[in-house]
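K.L.:
Okay, so here is query.csv, and as you'll see once you scroll down, it has CSV, C-alpha atoms.
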```
chain,number,residue,atom,x,y,z
A,1,MET,CA,30.2,19.1,-54.8
A,2,PHE,CA,30.2,18.1,-51.1
A,3,ASP,CA,28.2,20.9,-49.6
A,4,ASP,CA,25.5,18.8,-48.1
A,5,GLU,CA,28.0,16.3,-46.7
A,6,LEU,CA,29.9,19.1,-45.0
A,7,VAL,CA,26.7,20.4,-43.3
A,8,THR,CA,25.7,16.9,-42.1
A,9,ILE,CA,29.2,16.2,-40.8
A,10,PHE,CA,29.6,19.4,-38.9
A,11,ASP,CA,26.1,19.2,-37.5
A,12,ALA,CA,26.8,15.7,-36.1
A,13,ILE,CA,30.0,17.0,-34.5
A,14,ALA,CA,28.2,20.0,-33.0
A,15,VAL,CA,25.3,17.9,-31.6
A,16,THR,CA,27.6,15.1,-30.2
A,17,LEU,CA,30.4,17.2,-28.8
A,18,LEU,CA,28.9,20.6,-28.2
A,19,GLY,CA,25.2,19.8,-27.5
A,20,THR,CA,23.9,22.1,-30.2
A,21,GLU,CA,23.0,22.0,-33.9
A,22,VAL,CA,24.5,24.1,-36.6
A,23,ARG,CA,22.4,26.1,-39.0
A,24,VAL,CA,23.1,27.0,-42.6
A,25,ALA,CA,23.5,30.8,-42.8
A,26,PRO,CA,25.5,33.2,-45.0
A,27,THR,CA,28.8,34.3,-43.5
A,28,PRO,CA,28.9,38.1,-43.0
A,29,ARG,CA,31.6,39.9,-44.9
A,30,ASP,CA,33.3,41.1,-41.7
A,31,ALA,CA,32.8,37.8,-39.8
A,32,PHE,CA,36.6,37.2,-39.5
A,33,ASP,CA,37.9,40.7,-39.6
A,34,GLY,CA,39.0,40.3,-36.0
A,35,ARG,CA,41.2,37.5,-34.8
A,36,ALA,CA,40.1,34.1,-36.3
A,37,PHE,CA,41.4,30.6,-36.2
A,38,THR,CA,41.4,28.3,-39.2
A,39,GLY,CA,42.0,24.6,-38.8
A,40,CYS,CA,43.1,22.5,-41.9
A,41,VAL,CA,43.5,18.9,-42.7
A,42,ASP,CA,45.0,17.7,-46.0
A,43,PHE,CA,44.0,14.7,-48.1
A,44,VAL,CA,46.7,12.9,-50.0
A,45,GLY,CA,46.6,10.0,-52.4
A,46,SER,CA,43.5,9.0,-54.4
A,47,PHE,CA,42.1,12.4,-53.5
A,48,GLU,CA,44.3,15.5,-53.1
A,49,GLY,CA,42.8,18.4,-51.2
A,50,ARG,CA,42.2,20.3,-48.0
A,51,LEU,CA,39.4,20.7,-45.6
A,52,SER,CA,39.4,23.9,-43.5
A,53,ALA,CA,37.1,25.5,-41.0
A,54,THR,CA,37.3,29.0,-39.7
A,55,PHE,CA,36.0,30.3,-36.4
A,56,ALA,CA,36.2,33.8,-34.9
A,57,GLU,CA,38.3,33.8,-31.8
A,58,HIS,CA,35.5,34.2,-29.3
A,59,LEU,CA,33.6,31.2,-30.8
A,60,ALA,CA,36.8,29.1,-30.9
A,61,ARG,CA,37.3,30.0,-27.3
A,62,ARG,CA,33.7,29.0,-26.4
A,63,VAL,CA,34.0,25.7,-28.3
A,64,ALA,CA,37.4,24.9,-26.7
A,65,GLY,CA,35.9,25.7,-23.2
A,66,LEU,CA,33.1,23.2,-23.8
A,67,MET,CA,35.6,20.6,-25.0
A,68,PHE,CA,38.0,21.1,-22.1
A,69,ALA,CA,35.1,21.5,-19.6
A,70,ARG,CA,36.4,24.9,-18.6
A,71,ALA,CA,35.4,28.6,-18.7
A,72,PRO,CA,36.3,30.0,-22.1
A,73,GLU,CA,38.5,32.7,-20.6
A,74,ASP,CA,40.5,29.9,-18.8
A,75,VAL,CA,41.4,28.2,-22.1
A,76,SER,CA,45.0,28.8,-23.3
A,77,GLU,CA,45.7,29.6,-26.9
A,78,ALA,CA,47.4,26.2,-27.3
A,79,GLU,CA,44.3,24.5,-26.1
A,80,LEU,CA,42.1,26.7,-28.3
A,81,ARG,CA,44.2,25.7,-31.4
A,82,ASP,CA,44.0,22.1,-30.5
A,83,ALA,CA,40.3,22.1,-30.1
A,84,VAL,CA,39.8,23.8,-33.5
A,85,GLY,CA,42.3,21.3,-35.0
A,86,GLU,CA,40.5,18.4,-33.5
A,87,LEU,CA,37.1,19.5,-34.8
A,88,VAL,CA,38.5,19.7,-38.3
A,89,ASN,CA,40.3,16.4,-37.8
A,90,ILE,CA,37.0,14.7,-36.9
A,91,ALA,CA,35.3,16.3,-39.9
A,92,ALA,CA,38.0,15.2,-42.3
A,93,GLY,CA,37.9,11.6,-41.0
A,94,ASN,CA,34.2,11.5,-41.6
A,95,LEU,CA,34.5,13.2,-45.0
A,96,LYS,CA,37.1,10.6,-46.0
A,97,GLY,CA,34.4,8.0,-45.9
A,98,VAL,CA,32.7,9.5,-49.0
A,99,LEU,CA,35.9,10.1,-50.9
A,100,PRO,CA,37.7,7.6,-53.2
A,101,PRO,CA,39.5,4.9,-51.1
A,102,HIS,CA,43.3,5.0,-50.6
A,103,CYS,CA,43.6,8.6,-49.5
A,104,ARG,CA,45.3,9.5,-46.3
A,105,LEU,CA,44.8,12.4,-43.9
A,106,SER,CA,47.5,14.7,-42.6
A,107,LEU,CA,47.6,15.8,-39.0
A,108,PRO,CA,45.6,18.9,-38.4
A,109,THR,CA,47.2,22.4,-38.5
A,110,VAL,CA,45.8,25.6,-37.2
A,111,HIS,CA,46.7,29.1,-38.2
A,112,VAL,CA,45.6,32.5,-37.0
A,113,GLY,CA,43.6,34.1,-39.8
A,114,GLY,CA,40.6,33.7,-42.0
A,115,PRO,CA,39.7,31.2,-44.7
A,116,SER,CA,42.3,30.7,-47.4
A,117,THR,CA,41.2,32.3,-50.7
A,118,ALA,CA,43.7,30.3,-52.7
A,119,ASN,CA,42.8,27.2,-54.6
A,120,HIS,CA,39.2,28.2,-55.4
A,121,VAL,CA,39.8,26.7,-58.8
A,122,ALA,CA,39.5,23.2,-57.2
A,123,MET,CA,36.7,24.0,-54.8
A,124,ALA,CA,34.9,20.7,-54.0
A,125,GLY,CA,32.5,22.2,-51.5
A,126,LYS,CA,31.8,24.8,-48.9
A,127,ALA,CA,29.4,25.4,-46.1
A,128,MET,CA,28.5,28.6,-44.4
A,129,LEU,CA,27.2,27.7,-41.0
A,130,GLU,CA,26.1,29.2,-37.8
A,131,LEU,CA,27.2,27.7,-34.5
A,132,PHE,CA,25.9,29.3,-31.2
A,133,LYS,CA,24.7,32.1,-33.5
A,134,GLU,CA,28.3,32.7,-34.7
A,135,PRO,CA,29.6,32.1,-38.2
A,136,VAL,CA,31.8,29.1,-39.2
A,137,PHE,CA,33.1,28.9,-42.7
A,138,VAL,CA,34.0,25.5,-44.0
A,139,GLY,CA,36.0,25.1,-47.2
A,140,PHE,CA,36.8,21.9,-49.1
A,141,SER,CA,39.1,22.0,-52.1
A,142,GLY,CA,40.6,19.1,-54.0
A,143,HIS,CA,40.4,16.7,-56.9
A,144,SER,CA,41.1,13.0,-57.6
A,145,GLY,CA,44.8,12.4,-57.3
A,146,ALA,CA,47.4,10.4,-59.1
A,147,GLY,CA,46.9,7.6,-56.6
A,148,SER,CA,43.3,7.2,-57.5
A,149,ALA,CA,43.7,3.7,-59.1
A,150,ALA,CA,42.5,1.1,-56.6
B,1,MET,CA,41.0,-0.5,-6.7
B,2,ALA,CA,40.2,1.6,-9.8
B,3,LYS,CA,41.1,0.0,-13.1
B,4,LYS,CA,43.8,1.9,-15.0
B,5,VAL,CA,43.1,3.0,-18.5
B,6,LEU,CA,45.7,4.4,-20.9
B,7,VAL,CA,44.5,7.1,-23.3
B,8,VAL,CA,46.7,7.6,-26.3
B,9,ASP,CA,46.0,10.6,-28.5
B,10,ASP,CA,48.1,13.5,-29.7
B,11,SER,CA,45.3,15.9,-29.0
B,12,PRO,CA,45.0,17.3,-25.5
B,13,THR,CA,41.4,18.0,-26.2
B,14,VAL,CA,40.6,14.4,-26.8
B,15,ARG,CA,42.7,13.2,-23.9
B,16,GLN,CA,40.8,15.6,-21.7
B,17,GLN,CA,37.3,14.5,-23.0
B,18,VAL,CA,38.1,10.8,-22.8
B,19,GLY,CA,39.9,11.1,-19.5
B,20,LEU,CA,37.0,13.1,-17.9
B,21,ALA,CA,34.4,10.5,-19.0
B,22,LEU,CA,36.5,7.6,-17.7
B,23,LYS,CA,37.3,9.3,-14.4
B,24,GLN,CA,33.7,10.1,-13.8
B,25,ALA,CA,33.0,6.4,-14.3
B,26,GLY,CA,35.5,5.5,-11.7
B,27,TYR,CA,38.6,4.6,-13.7
B,28,GLU,CA,42.1,5.8,-13.1
B,29,VAL,CA,43.5,7.4,-16.3
B,30,VAL,CA,47.0,7.6,-17.7
B,31,GLU,CA,47.8,9.5,-20.8
B,32,ALA,CA,50.2,9.2,-23.8
B,33,THR,CA,50.8,11.7,-26.5
B,34,ASP,CA,51.6,9.4,-29.4
B,35,GLY,CA,52.2,5.7,-30.2
B,36,ALA,CA,55.8,5.6,-29.1
B,37,ASP,CA,54.9,7.2,-25.8
B,38,GLY,CA,52.0,4.7,-25.5
B,39,VAL,CA,54.3,1.7,-26.1
B,40,ALA,CA,56.6,2.9,-23.4
B,41,LYS,CA,53.7,3.4,-20.9
B,42,VAL,CA,52.3,-0.1,-21.6
B,43,GLY,CA,55.7,-1.6,-21.1
B,44,GLY,CA,56.4,0.4,-17.9
B,45,ASP,CA,53.1,0.0,-16.1
B,46,PRO,CA,51.6,-3.5,-15.5
B,47,GLN,CA,48.6,-1.8,-13.8
B,48,ILE,CA,47.3,-0.6,-17.2
B,49,GLY,CA,44.2,-2.8,-17.9
B,50,MET,CA,43.0,-1.2,-21.1
B,51,VAL,CA,44.0,1.1,-23.9
B,52,ILE,CA,42.0,3.7,-25.8
B,53,LEU,CA,44.0,4.5,-28.9
B,54,ASP,CA,43.8,7.1,-31.6
B,55,VAL,CA,45.0,6.2,-35.1
B,56,ASN,CA,46.3,9.3,-36.8
B,57,MET,CA,49.3,10.5,-34.6
B,58,PRO,CA,52.8,11.7,-35.2
B,59,ARG,CA,56.0,9.6,-34.5
B,60,MET,CA,54.1,6.3,-34.3
B,61,ASN,CA,50.5,6.0,-35.4
B,62,GLY,CA,47.8,4.0,-33.5
B,63,LEU,CA,47.9,1.0,-35.8
B,64,GLU,CA,51.7,0.7,-35.5
B,65,MET,CA,51.4,1.0,-31.7
B,66,LEU,CA,48.7,-1.7,-31.7
B,67,GLU,CA,50.8,-4.0,-33.7
B,68,THR,CA,53.9,-3.3,-31.6
B,69,VAL,CA,52.1,-3.8,-28.3
B,70,LYS,CA,50.4,-7.0,-29.4
B,71,ALA,CA,53.6,-8.4,-30.8
B,72,ASN,CA,54.6,-8.8,-27.1
B,73,GLY,CA,52.9,-12.0,-25.8
B,74,LYS,CA,52.5,-10.4,-22.4
B,75,ASN,CA,49.9,-8.1,-23.9
B,76,ALA,CA,47.8,-10.8,-25.6
B,77,ASP,CA,44.9,-10.2,-23.2
B,78,LEU,CA,45.2,-6.4,-23.0
B,79,PRO,CA,42.0,-4.9,-24.4
B,80,ILE,CA,42.5,-2.1,-26.9
B,81,ILE,CA,39.8,0.1,-28.4
B,82,MET,CA,40.6,2.3,-31.4
B,83,LEU,CA,39.1,5.8,-31.1
B,84,THR,CA,39.4,7.7,-34.3
B,85,SER,CA,37.7,10.0,-36.8
B,86,GLU,CA,38.2,7.4,-39.6
B,87,GLY,CA,35.8,4.6,-40.3
B,88,GLN,CA,37.5,3.1,-43.3
B,89,GLN,CA,36.9,-0.6,-43.5
B,90,SER,CA,40.4,-1.6,-44.5
B,91,LEU,CA,41.8,0.2,-41.3
B,92,ILE,CA,39.2,-1.5,-39.1
B,93,GLU,CA,40.1,-4.9,-40.5
B,94,ARG,CA,43.8,-4.3,-40.0
B,95,ALA,CA,43.1,-3.3,-36.4
B,96,LYS,CA,40.9,-6.4,-35.8
B,97,LYS,CA,43.6,-8.6,-37.3
B,98,ALA,CA,46.1,-7.0,-35.0
B,99,GLY,CA,44.0,-7.7,-31.9
B,100,ALA,CA,41.9,-4.5,-31.4
B,101,LYS,CA,38.7,-5.3,-29.5
B,102,GLY,CA,36.7,-2.3,-30.8
B,103,TRP,CA,36.6,0.7,-33.1
B,104,ILE,CA,34.7,3.9,-32.1
B,105,VAL,CA,34.4,6.7,-34.6
B,106,LYS,CA,34.6,10.3,-33.5
B,107,PRO,CA,32.5,12.3,-32.7
B,108,PHE,CA,31.8,9.9,-29.9
B,109,LYS,CA,29.3,10.0,-27.0
B,110,ALA,CA,31.0,9.6,-23.7
B,111,GLU,CA,28.5,7.0,-22.5
B,112,LEU,CA,29.1,4.8,-25.5
B,113,LEU,CA,32.9,4.8,-24.8
B,114,VAL,CA,32.4,4.1,-21.1
B,115,ALA,CA,30.0,1.3,-21.9
B,116,ALA,CA,32.5,-0.3,-24.2
B,117,VAL,CA,35.3,0.0,-21.6
B,118,LYS,CA,33.1,-1.5,-18.9
B,119,LYS,CA,32.1,-4.4,-21.1
B,120,LEU,CA,35.7,-5.2,-22.0
B,121,LEU,CA,37.1,-4.8,-18.5
B,122,VAL,CA,34.5,-7.2,-17.1
B,123,ALA,CA,35.1,-9.8,-19.8
```
So, in terms of structure tokens, how does the structure I just supplied come out?
P.N.:
Amino acid sequence: MFDDELVTIFDAIAVTLLGTEVRVAPTPRDAFDGRAFTGCVDFVGSFEGRLSATFAEHLARRVAGLMFARAPEDVSEAELRDAVGELVNIAAGNLKGVLPPHCRLSLPTVHVGGPSTANHVAMAGKAMLELFKEPVFVGFSGHSGAGSAA
Amino acid sequence: MAKKVLVVDDSPTVRQQVGLALKQAGYEVVEATDGADGVAKVGGDPQIGMVILDVNMPRMNGLEMLETVKANGKNADLPIIMLTSEGQQSLIERAKKAGAKGWIVKPFKAELLVAAVKKLLVA
């Protein structure tokens, strides 16, 4: 399982890009009952899977504001989606380093909604984090793929 | 006259972050949204003195853009730094072979990027 790697990666991203650490903390049941944004990147090849991270809208907006050097309320939804997608993209790239070689990353996608509950059969890791005292749920599902021969 | 740097990344977030760091360091910044756009910008603006280039992009990825740009002899001395979330050795070696001068893995510290740009633009 890649739980520890996910925490380390997201902490490094938070420290470098957002100026703060993440904390491991349980995700409240109602954390994403309001509007939430989930960014996803797929892995294809020697490892087939998906990394996703879910942020409640107000956290996503705060993060996007920091990344765009603007007030959160001035960030457009397109910019908010891009910021979430980029965070997951960076995490996926870093995670790729600990996966079998010869796997490729998709471009990030972002949807409005909470974490996907599908594919838990192939869960490879998860991390329940706190960023700026707000929950972030990271899910990683997958398995070695058909292209795993070097 | 400010040196002109082309930032090629499909993410507006990254273009904003890189652009802001470079502008604060005194550089003029031009943006491209993917490799094909980047090739066109390099070809159309002789004032571009350096390129910061993402790898994973639609339409034409960063390695393809690097190889296309460097295939033109006019760009032999154009410094190109890859800025990407991936640190896979085979990709780094392919980029080096194609003429990239550096590889910075995201998340990046702005001062590290600016230092790399300064070093290559003075060289």
K.L.:
As a ChimeraX atom specification, please: the residues near region 41-56 of chain B (cut-off 9 Å, only C-alpha atoms, same-chain neighbours under 4 positions excluded).
P.N.:
/A:105-107 /B:3-10,18,29-32,34-37,60-66,69,75,78-86,117,120-121
K.L.:
Select all residues from chain A having any atom no more than 6 Å from an atom of chain B (counting all atoms listed in the file, ignoring ligands), output as a PyMOL selection string.
P.N.:
chain A and resi 13+83+90+93
K.L.:
Tell me which of A:Phe140, A:Phe68, A:Phe55, A:Phe32 sits closest to Ala91 (chain A), counting all atoms listed in the file.
P.N.:
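Among A:Phe140, A:Phe68, A:Phe55, A:Phe32, it is A:Phe140 that comes nearest to Ala91 (chain A).
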K.L.:
Show me as a list of chain:residue names the residues that reach within 12 Å of (26.1, 14.5, -30.0), counting all atoms listed in the file and using the file's own coordinates.
P.N.:
A:Ile9, A:Phe10, A:Asp11, A:Ala12, A:Ile13, A:Ala14, A:Val15, A:Thr16, A:Leu17, A:Leu18, A:Gly19, A:Thr20, A:Glu21, A:Val22, B:Lys106, B:Pro107, B:Phe108, B:Lys109, B:Ala110, B:Glu111, B:Leu112
K.L.:
I need the chosen residues saved as a PDB file, in the frame of the given file, with C-alpha atoms.
P.N.:
```
ATOM      1  CA  ILE A   9      29.200  16.200 -40.800  1.00  0.00           C
ATOM      2  CA  PHE A  10      29.600  19.400 -38.900  1.00  0.00           C
ATOM      3  CA  ASP A  11      26.100  19.200 -37.500  1.00  0.00           C
ATOM      4  CA  ALA A  12      26.800  15.700 -36.100  1.00  0.00           C
ATOM      5  CA  ILE A  13      30.000  17.000 -34.500  1.00  0.00           C
ATOM      6  CA  ALA A  14      28.200  20.000 -33.000  1.00  0.00           C
ATOM      7  CA  VAL A  15      25.300  17.900 -31.600  1.00  0.00           C
ATOM      8  CA  THR A  16      27.600  15.100 -30.200  1.00  0.00           C
ATOM      9  CA  LEU A  17      30.400  17.200 -28.800  1.00  0.00           C
ATOM     10  CA  LEU A  18      28.900  20.600 -28.200  1.00  0.00           C
ATOM     11  CA  GLY A  19      25.200  19.800 -27.500  1.00  0.00           C
ATOM     12  CA  THR A  20      23.900  22.100 -30.200  1.00  0.00           C
ATOM     13  CA  GLU A  21      23.000  22.000 -33.900  1.00  0.00           C
ATOM     14  CA  VAL A  22      24.500  24.100 -36.600  1.00  0.00           C
TER      15      VAL A  22
ATOM     16  CA  LYS B 106      34.600  10.300 -33.500  1.00  0.00           C
ATOM     17  CA  PRO B 107      32.500  12.300 -32.700  1.00  0.00           C
ATOM     18  CA  PHE B 108      31.800   9.900 -29.900  1.00  0.00           C
ATOM     19  CA  LYS B 109      29.300  10.000 -27.000  1.00  0.00           C
ATOM     20  CA  ALA B 110      31.000   9.600 -23.700  1.00  0.00           C
ATOM     21  CA  GLU B 111      28.500   7.000 -22.500  1.00  0.00           C
ATOM     22  CA  LEU B 112      29.100   4.800 -25.500  1.00  0.00           C
TER      23      LEU B 112
END
```
K.L.:
Rounded to one decimal in Å, what is the spacing between CA of Arg23 (chain A) and CA of Arg62 (chain A)?
P.N.:
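Atom-to-atom, CA of Arg23 (chain A) and CA of Arg62 (chain A) are spaced 17.2 Å apart.
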K.L.:
List the spatial neighbours of Leu59 (chain A) as an mmCIF file with C-alpha atoms, keeping the file's coordinate frame - criterion: any atom at most 10 Å away, all atoms listed in the file, same-chain residues fewer than 5 positions off excluded.
P.N.:
```cif
data_model
loop_
_atom_site.group_PDB
_atom_site.id
_atom_site.type_symbol
_atom_site.label_atom_id
_atom_site.label_comp_id
_atom_site.auth_asym_id
_atom_site.auth_seq_id
_atom_site.Cartn_x
_atom_site.Cartn_y
_atom_site.Cartn_z
ATOM 1 C CA ALA A 36 40.100 34.100 -36.300
ATOM 2 C CA PHE A 37 41.400 30.600 -36.200
ATOM 3 C CA THR A 54 37.300 29.000 -39.700
ATOM 4 C CA ALA A 64 37.400 24.900 -26.700
ATOM 5 C CA GLY A 65 35.900 25.700 -23.200
ATOM 6 C CA PRO A 72 36.300 30.000 -22.100
ATOM 7 C CA LEU A 80 42.100 26.700 -28.300
ATOM 8 C CA LEU A 131 27.200 27.700 -34.500
ATOM 9 C CA PHE A 132 25.900 29.300 -31.200
ATOM 10 C CA LYS A 133 24.700 32.100 -33.500
ATOM 11 C CA GLU A 134 28.300 32.700 -34.700
ATOM 12 C CA PRO A 135 29.600 32.100 -38.200
ATOM 13 C CA VAL A 136 31.800 29.100 -39.200
#
```
K.L.:
Which is closer to Asp33 (chain A) than all the others in A:Ala78, A:Gly113, A:Phe2, A:Thr8, using all atoms listed in the file?
P.N.:
A:Gly113
K.L.:
For Ala98 (chain B), which of B:Lys70, B:Tyr27, B:Thr33, B:Gly19 is the closest residue, counting all atoms listed in the file?
P.N.:
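Residue with the minimum atom-to-atom distance to Ala98 (chain B): B:Lys70.
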K.L.:
Under the rule that all atoms listed in the file are counted, which of A:Leu51, A:Met123, A:Leu87, A:Ala56 is the nearest residue to Pro28 (chain A)?
P.N.:
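Counting all atoms listed in the file, the residue closest to Pro28 (chain A) is A:Ala56.
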K.L.:
Mind pulling up the distance from CA of Leu129 (chain A) to CA of Arg104 (chain A)?
P.N.:
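These two atoms are separated by 26.2 Å.
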K.L.:
For CA of Asp82 (chain A) and CA of Ser52 (chain A), determine how far apart the two atoms are, in Å to one decimal place.
P.N.:
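Here the two named atoms are 13.9 Å from each other.
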K.L.:
Rank A:Val44, A:Val84, A:Met1, A:Val112 by their smallest atom-to-atom distance to Met67 (chain A), using only C-alpha atoms, and report the top residue only.
P.N.:
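For Met67 (chain A), the nearest of the candidates is A:Val84.
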K.L.:
Using only C-alpha atoms, which residue out of A:Gly39, A:Gly34, A:Gly114, A:Gly97 lies closest to Ala53 (chain A)?
P.N.:
A:Gly39
